[in-house]
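Asker: Below is model_4.txt; it holds compact mmCIF, C-alpha atoms.
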```txt
# COMPACT_ATOMS: atom_id res chain seq x y z
CA GLY A 222 28.68 -33.78 -30.85
CA GLN A 223 30.33 -36.95 -32.04
CA SER A 224 33.75 -37.92 -30.76
CA LEU A 225 36.13 -40.78 -30.19
CA GLU A 226 38.73 -40.71 -27.45
CA GLN A 227 42.02 -42.58 -27.62
CA PRO A 228 45.21 -42.19 -25.57
CA SER A 229 47.73 -40.31 -27.64
CA GLU A 230 50.69 -42.60 -26.92
CA VAL A 231 51.37 -46.00 -25.42
CA THR A 232 54.77 -47.62 -24.79
CA ALA A 233 55.32 -51.36 -24.39
CA VAL A 234 58.16 -53.87 -24.46
CA GLU A 235 58.86 -56.30 -27.27
CA GLY A 236 57.21 -59.65 -26.57
CA ALA A 237 54.68 -58.17 -24.15
CA ILE A 238 50.95 -57.50 -24.48
CA VAL A 239 49.42 -54.06 -24.96
CA GLN A 240 45.85 -52.81 -24.86
CA MET A 241 44.74 -49.63 -26.62
CA ASN A 242 41.38 -48.20 -25.63
CA CYS A 243 38.73 -46.28 -27.51
CA THR A 244 35.62 -44.66 -26.09
CA TYR A 245 33.05 -43.14 -28.38
CA GLN A 246 30.13 -40.78 -28.29
CA THR A 247 28.10 -40.88 -31.48
CA SER A 248 24.50 -40.32 -32.50
CA GLY A 249 24.25 -43.84 -33.85
CA PHE A 250 26.34 -46.96 -33.96
CA TYR A 251 26.84 -49.76 -36.45
CA GLY A 252 30.35 -50.90 -35.69
CA LEU A 253 33.84 -50.12 -34.43
CA SER A 254 36.91 -50.69 -36.56
CA TRP A 255 40.63 -50.52 -35.96
CA TYR A 256 43.22 -49.38 -38.49
CA GLN A 257 47.00 -49.53 -38.31
CA GLN A 258 49.18 -46.94 -39.98
CA HIS A 259 52.96 -47.00 -40.15
CA ASP A 260 54.86 -43.78 -40.67
CA GLY A 261 54.71 -42.84 -44.34
CA GLY A 262 52.18 -45.57 -45.07
CA ALA A 263 48.44 -45.83 -45.55
CA PRO A 264 45.87 -47.02 -42.99
CA THR A 265 45.36 -50.77 -43.03
CA PHE A 266 42.19 -52.35 -41.76
CA LEU A 267 42.72 -54.65 -38.76
CA SER A 268 39.34 -55.59 -37.30
CA TYR A 269 35.66 -54.73 -37.07
CA ASN A 270 33.22 -55.31 -34.20
CA ALA A 271 29.51 -54.87 -34.72
CA LEU A 272 28.45 -56.96 -31.73
CA ASP A 273 29.63 -57.11 -28.13
CA GLY A 274 32.51 -59.39 -27.39
CA LEU A 275 35.97 -60.32 -28.50
CA GLU A 276 37.16 -60.90 -32.07
CA GLU A 277 40.52 -62.59 -32.52
CA THR A 278 42.77 -62.55 -35.58
CA GLY A 279 46.19 -63.99 -34.89
CA ARG A 280 48.09 -61.74 -32.50
CA PHE A 281 45.38 -59.08 -32.68
CA SER A 282 42.11 -59.09 -30.72
CA SER A 283 39.43 -56.43 -30.60
CA PHE A 284 36.73 -56.04 -27.99
CA LEU A 285 33.48 -54.09 -27.98
CA SER A 286 30.99 -53.17 -25.28
CA ARG A 287 28.13 -51.23 -26.82
CA SER A 288 26.53 -50.53 -23.45
CA ASP A 289 29.74 -48.82 -22.31
CA SER A 290 30.48 -47.21 -25.71
CA TYR A 291 33.93 -48.69 -25.37
CA GLY A 292 36.29 -50.89 -27.26
CA TYR A 293 39.90 -51.90 -27.22
CA LEU A 294 42.55 -53.43 -29.43
CA LEU A 295 44.83 -56.01 -27.84
CA LEU A 296 48.19 -56.88 -29.37
CA GLN A 297 50.06 -59.92 -28.10
CA GLU A 298 53.68 -61.00 -28.54
CA LEU A 299 54.62 -57.50 -29.55
CA GLN A 300 57.14 -57.11 -32.35
CA MET A 301 59.13 -54.04 -33.33
CA LYS A 302 57.15 -53.88 -36.57
CA ASP A 303 54.01 -53.19 -34.51
CA SER A 304 55.32 -49.68 -33.84
CA ALA A 305 52.69 -47.58 -35.61
CA SER A 306 49.63 -45.43 -35.07
CA TYR A 307 46.35 -47.18 -34.36
CA PHE A 308 43.05 -45.49 -35.14
CA CYS A 309 39.62 -46.57 -33.97
CA ALA A 310 36.72 -45.61 -36.22
CA VAL A 311 32.97 -45.74 -35.75
CA SER A 312 30.23 -46.12 -38.31
CA GLY A 313 27.36 -44.10 -36.91
CA ASN A 314 24.21 -42.99 -38.62
CA ARG A 315 24.80 -39.27 -38.84
CA ASP A 316 25.47 -38.51 -42.50
CA ASP A 317 26.69 -42.09 -42.87
CA LYS A 318 30.28 -41.00 -42.29
CA ILE A 319 33.04 -42.86 -40.58
CA ILE A 320 34.37 -41.02 -37.55
CA PHE A 321 38.03 -41.56 -36.76
CA GLY A 322 39.68 -41.20 -33.39
CA LYS A 323 42.87 -39.14 -33.20
CA GLY A 324 44.92 -42.30 -32.94
CA THR A 325 47.26 -43.92 -30.45
CA ARG A 326 50.95 -43.93 -31.23
CA LEU A 327 52.42 -47.26 -30.10
CA HIS A 328 56.12 -47.29 -29.20
CA ILE A 329 57.84 -50.67 -28.79
CA LEU A 330 60.98 -50.91 -26.68
CA PRO A 331 63.49 -53.71 -27.24
CA ASP B 211 49.13 -56.42 -52.29
CA THR B 212 47.17 -53.17 -52.28
CA GLU B 213 43.67 -53.64 -53.67
CA VAL B 214 43.21 -49.90 -54.11
CA THR B 215 45.78 -48.40 -56.44
CA GLN B 216 46.67 -44.72 -56.39
CA THR B 217 48.85 -42.77 -58.79
CA PRO B 218 51.13 -40.96 -58.62
CA LYS B 219 52.80 -41.87 -55.32
CA HIS B 220 54.45 -38.49 -55.06
CA LEU B 221 53.56 -35.17 -56.65
CA VAL B 222 55.24 -31.79 -56.44
CA MET B 223 53.41 -28.92 -58.06
CA GLY B 224 53.39 -25.17 -58.14
CA MET B 225 50.43 -23.11 -57.06
CA THR B 226 49.45 -22.37 -60.66
CA ASN B 227 49.62 -25.94 -61.93
CA LYS B 228 46.77 -28.29 -62.74
CA LYS B 229 47.19 -31.96 -61.91
CA SER B 230 45.05 -35.00 -61.19
CA LEU B 231 45.25 -37.82 -58.68
CA LYS B 232 43.92 -41.19 -59.74
CA CYS B 233 42.47 -44.11 -57.82
CA GLU B 234 41.32 -47.53 -59.00
CA GLN B 235 39.71 -50.50 -57.28
CA HIS B 236 38.48 -53.81 -58.67
CA MET B 237 36.75 -55.23 -55.61
CA GLY B 238 33.27 -54.37 -56.85
CA HIS B 239 32.89 -51.77 -54.12
CA ARG B 240 30.15 -49.22 -54.66
CA ALA B 241 31.53 -46.46 -52.45
CA MET B 242 34.77 -44.56 -52.93
CA TYR B 243 36.30 -41.87 -50.77
CA TRP B 244 38.92 -39.15 -50.82
CA TYR B 245 40.69 -38.29 -47.57
CA LYS B 246 43.35 -35.74 -46.72
CA GLN B 247 45.82 -36.57 -43.98
CA LYS B 248 48.33 -34.33 -42.28
CA ALA B 249 51.22 -35.72 -40.26
CA LYS B 250 50.22 -37.24 -36.91
CA LYS B 251 46.52 -36.61 -37.58
CA PRO B 252 43.67 -38.95 -38.53
CA PRO B 253 42.38 -39.07 -42.10
CA GLU B 254 40.04 -36.18 -42.83
CA LEU B 255 37.13 -36.96 -45.14
CA MET B 256 36.84 -34.82 -48.27
CA PHE B 257 34.39 -36.54 -50.64
CA VAL B 258 32.26 -39.67 -50.86
CA TYR B 259 30.95 -41.23 -54.07
CA SER B 260 28.16 -43.76 -53.83
CA TYR B 261 27.17 -45.65 -56.98
CA GLU B 262 29.22 -43.15 -59.01
CA LYS B 263 27.33 -40.16 -57.61
CA LEU B 264 28.78 -37.58 -55.26
CA SER B 265 27.01 -38.10 -51.95
CA ILE B 266 29.17 -36.14 -49.51
CA ASN B 267 31.29 -33.03 -49.99
CA GLU B 268 32.79 -31.92 -46.71
CA SER B 269 32.83 -28.25 -47.69
CA VAL B 270 36.06 -28.77 -49.60
CA PRO B 271 37.41 -25.70 -51.47
CA SER B 272 36.62 -25.67 -55.17
CA ARG B 273 40.30 -25.95 -56.06
CA PHE B 274 39.71 -29.67 -55.41
CA SER B 275 37.36 -31.24 -57.95
CA PRO B 276 36.42 -34.92 -57.70
CA GLU B 277 35.27 -37.08 -60.57
CA CYS B 278 34.03 -40.66 -60.76
CA PRO B 279 34.18 -41.83 -64.39
CA ASN B 280 32.94 -45.33 -63.53
CA SER B 281 32.48 -47.66 -60.60
CA SER B 282 36.17 -48.57 -60.47
CA LEU B 283 37.80 -45.19 -60.95
CA LEU B 284 38.01 -42.04 -58.89
CA ASN B 285 39.92 -38.90 -59.76
CA LEU B 286 40.77 -35.77 -57.85
CA HIS B 287 41.54 -32.75 -60.02
CA LEU B 288 43.77 -30.13 -58.47
CA HIS B 289 44.07 -26.49 -59.50
CA ALA B 290 45.58 -23.42 -57.88
CA LEU B 291 46.45 -25.20 -54.66
CA GLN B 292 47.93 -23.51 -51.63
CA PRO B 293 50.99 -24.54 -49.60
CA GLU B 294 48.69 -25.67 -46.77
CA ASP B 295 47.22 -28.27 -49.13
CA SER B 296 50.45 -30.23 -48.91
CA ALA B 297 49.45 -33.56 -47.35
CA LEU B 298 48.94 -37.26 -47.98
CA TYR B 299 45.83 -37.81 -50.10
CA LEU B 300 44.22 -41.16 -49.56
CA CYS B 301 41.64 -42.95 -51.64
CA ALA B 302 39.50 -45.65 -50.04
CA SER B 303 36.66 -47.92 -51.01
CA SER B 304 34.00 -49.89 -49.17
CA GLN B 305 31.16 -52.18 -50.04
CA GLY B 306 28.66 -49.34 -49.70
CA SER B 307 28.46 -45.86 -48.27
CA ASP B 308 25.67 -46.19 -45.72
CA SER B 309 26.53 -46.90 -42.12
CA ALA B 310 25.95 -50.63 -42.35
CA PHE B 311 28.41 -51.07 -45.20
CA ASN B 312 30.93 -48.25 -45.05
CA GLN B 313 33.39 -50.39 -43.14
CA PRO B 314 35.83 -51.90 -43.56
CA GLN B 315 37.48 -49.33 -45.72
CA HIS B 316 40.30 -50.38 -47.99
CA PHE B 317 42.87 -47.63 -48.45
CA GLY B 318 45.30 -47.04 -51.24
CA ASP B 319 48.92 -46.18 -50.47
CA GLY B 320 48.18 -42.52 -51.02
CA THR B 321 49.69 -39.66 -52.99
CA ARG B 322 52.11 -37.48 -51.09
CA LEU B 323 51.48 -33.99 -52.41
CA SER B 324 53.82 -31.04 -51.97
CA ILE B 325 52.83 -27.56 -53.07
CA LEU B 326 55.67 -25.15 -53.77
```
Would you write out, as C-alpha cells, the structure that this file holds?

Answerer:
Amino acid sequence: GQSLEQPSEVTAVEGAIVQMNCTYQTSGFYGLSWYQQHDGGAPTFLSYNALDGLEETGRFSSFLSRSDSYGYLLLQELQMKDSASYFCAVSGNRDDKIIFGKGTRLHILP
Amino acid sequence: DTEVTQTPKHLVMGMTNKKSLKCEQHMGHRAMYWYKQKAKKPPELMFVYSYEKLSINESVPSRFSPECPNSSLLNLHLHALQPEDSALYLCASSQGSDSAFNQPQHFGDGTRLSIL
C-alpha cells in the first residue's frame, strides 16, 4: 500500500527551532511537498522537493532523501503564528494522485 | 491573496435541498480538484478534472455531482446530502494532473458545509 507517516503532535518553544519528519512508502515518487493549515483555514503550500537536499525559504527549510524515503520540514525562529497543522504530501505515479500524510499538529509555547 | 476563489464560504442546508459550490482560478492551471476535509484529518480527494474532463472520481456518492464548465471554473452540485457530509470542502488547482505537475496545489479557502 501507499502511506506517509508523520508524528501526530510536536511541541516547541517560541524562538526555537523545530523539525517535523515525514517518511513515505509509495509505488512511485516525483516529489514531496509540505502544506500548512491553521485551524479553520485552508492548506497553504510551503515547499516542494523533487531532488535530494535542502530547500530554504525564509524561516522554512525542507529536506529530502529519496534513498531513505524521508523528508523533514524545519522551522526556525518559531513564532506563535506558526501554531498549525503541517501535512506532507507525495506525488507518486499510482493514479497520479497526491497522497497526504495525516499531519503534524505543532504547538508553540511562549 | 487567495488565487483560488470559492463561494460560498459557509453553507447550511437541509437534507432535501439542492445547492452548488463554486470554484474559480485564473492561474492558467489545467487541473482542478475537489477535496473533503473533516476536522483534524488530511484533505480527502473526491474528484479531479484534467483539461476540463473528469479524470478521477474517488467512488464519491452520486449525491455529489461535479461540473467543469470551462478551464477556470469548477462546480460541485449537492443534492440530498446526509449529516455526515458536513465538512470543509476545498477546491484546488495545479499546473497539470499527472504526477510531474500535480504539485504544488493551490487551495481555495473552502466552503464550510453543515447539513441539518

Asker: Taking 3 positions as the minimum chain separation for residues in the same chain, which residues sit within 7 Å of range 312-320 of chain B when counting only C-alpha atoms? Answer as number ranges by chain.

Answerer: A: 262-266; B: 212, 214-216, 219, 298-309

Asker: Smallest atom-to-atom distance to Ala233 in chain A: which of A:Asp289, A:Glu277, A:Asp317, A:Asp303, using all atoms listed in the file?

Answerer: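 Checking each candidate against Ala233 in chain A, we get A:Asp303 as the closest.
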
Asker: With all atoms listed in the file as the counted atoms, please give the residues lying no more than 8 Å from Gln297 in chain A, apart from itself and same-chain residues fewer than 3 positions off, as a ChimeraX atom specification.

Answerer: /A:236-239,280-281

Asker: Which distance in Å separates CA of Gly274 in chain A and CA of Gly292 in chain A, to one decimal?

Answerer: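 Computing it gives 9.3 Å between the two atoms.
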
Asker: Can you tell me which residues surround Gly224 in chain B at a distance of at most 12 Å, considering only C-alpha atoms, apart from same-chain residues fewer than 2 positions away, and format the answer as JSON, numbers by chain?

Answerer: {"B": [221, 222, 226, 227, 228, 229, 288, 289, 290, 291, 292, 293, 295, 296, 323, 324, 325, 326]}

Asker: Any chance you could tabulate, as a tab-separated table, the residues of chain A at most 9 Å from chain B with each one's nearest atom pair and distance in Å to one decimal, using all atoms listed in the file, in chain and rising number order?

Answerer:
```
residue	atom	partner	partner_atom	distance
A:Phe250	CA	B:Ser309	CA	8.2
A:Tyr251	CA	B:Ala310	CA	6.0
A:Gly252	CA	B:Ala310	CA	8.0
A:Leu253	CA	B:Gln313	CA	8.7
A:Ser254	CA	B:Pro314	CA	7.2
A:Asp260	CA	B:Ala249	CA	8.9
A:Gly261	CA	B:Leu298	CA	8.8
A:Gly262	CA	B:Asp319	CA	6.3
A:Ala263	CA	B:Asp319	CA	5.0
A:Pro264	CA	B:Phe317	CA	6.3
A:Thr265	CA	B:Phe317	CA	6.7
A:Phe266	CA	B:Pro314	CA	6.6
A:Leu267	CA	B:Pro314	CA	8.8
A:Ser268	CA	B:Pro314	CA	8.1
A:Tyr269	CA	B:Pro314	CA	7.1
A:Ser306	CA	B:Lys250	CA	8.4
A:Phe308	CA	B:Pro252	CA	7.4
A:Val311	CA	B:Gln313	CA	8.7
A:Ser312	CA	B:Ser309	CA	5.4
A:Gly313	CA	B:Ser309	CA	6.0
A:Asn314	CA	B:Ser309	CA	5.7
A:Arg315	CA	B:Ser309	CA	8.5
A:Asp316	CA	B:Ile266	CA	8.3
A:Asp317	CA	B:Ser309	CA	4.9
A:Lys318	CA	B:Ser309	CA	7.0
A:Ile319	CA	B:Asn312	CA	7.3
A:Phe321	CA	B:Pro252	CA	6.5
A:Gly322	CA	B:Pro252	CA	6.9
A:Lys323	CA	B:Pro252	CA	5.4
A:Gly324	CA	B:Pro252	CA	6.6
A:Arg326	CA	B:Lys250	CA	8.8
```

Asker: Take CA of Val234 in chain A and CA of Ser290 in chain A and report the distance between them in Å, one decimal.

Answerer: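 About the pair CA of Val234 in chain A and CA of Ser290 in chain A: they are 28.5 Å apart.
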
Asker: When you draw a straight line from CA of Glu294 in chain B to CA of Ile320 in chain A, how long is it in Å?

Answerer: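 Straight-line distance from CA of Glu294 in chain B to CA of Ile320 in chain A works out to 22.9 Å.
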
Asker: Of the candidates A:Leu275, A:Ala305, A:Leu294, A:Met241, which shows the shortest atom-to-atom distance to His328 in chain A, using all atoms listed in the file?

Answerer: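 Between A:Leu275, A:Ala305, A:Leu294, A:Met241, the residue approaching His328 in chain A most closely is A:Ala305.
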
Asker: If we count all atoms listed in the file and set the cut-off at 12 Å, which residues sit around Gly279 in chain A, ignoring sequence neighbours fewer than 3 positions away in its own chain? Please answer as a VMD selection string.

Answerer: chain A and resid 267 to 268 276 282 to 283 295 to 299

Asker: From the options B:Leu264, B:Leu284, B:Val270, B:Met256, which residue's atoms come nearest to Lys232 in chain B, counting all atoms listed in the file?

Answerer: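 The answer is B:Leu284, which sits nearest to Lys232 in chain B.
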
Asker: Give me, as a PyMOL selection string, all polymer residues having an atom no more than 12 Å from Lys263 in chain B, counting all atoms listed in the file and skipping those fewer than 4 positions away in the same chain.

Answerer: chain B and resi 240-243+257-259+267+276-281+284+307

Asker: With distances taken over all atoms listed in the file, which of A:Thr325, A:Gln258, A:Asp273, A:Leu330 is nearest to Gln240 in chain A?

Answerer: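 Distance minimum relative to Gln240 in chain A lands on A:Thr325.
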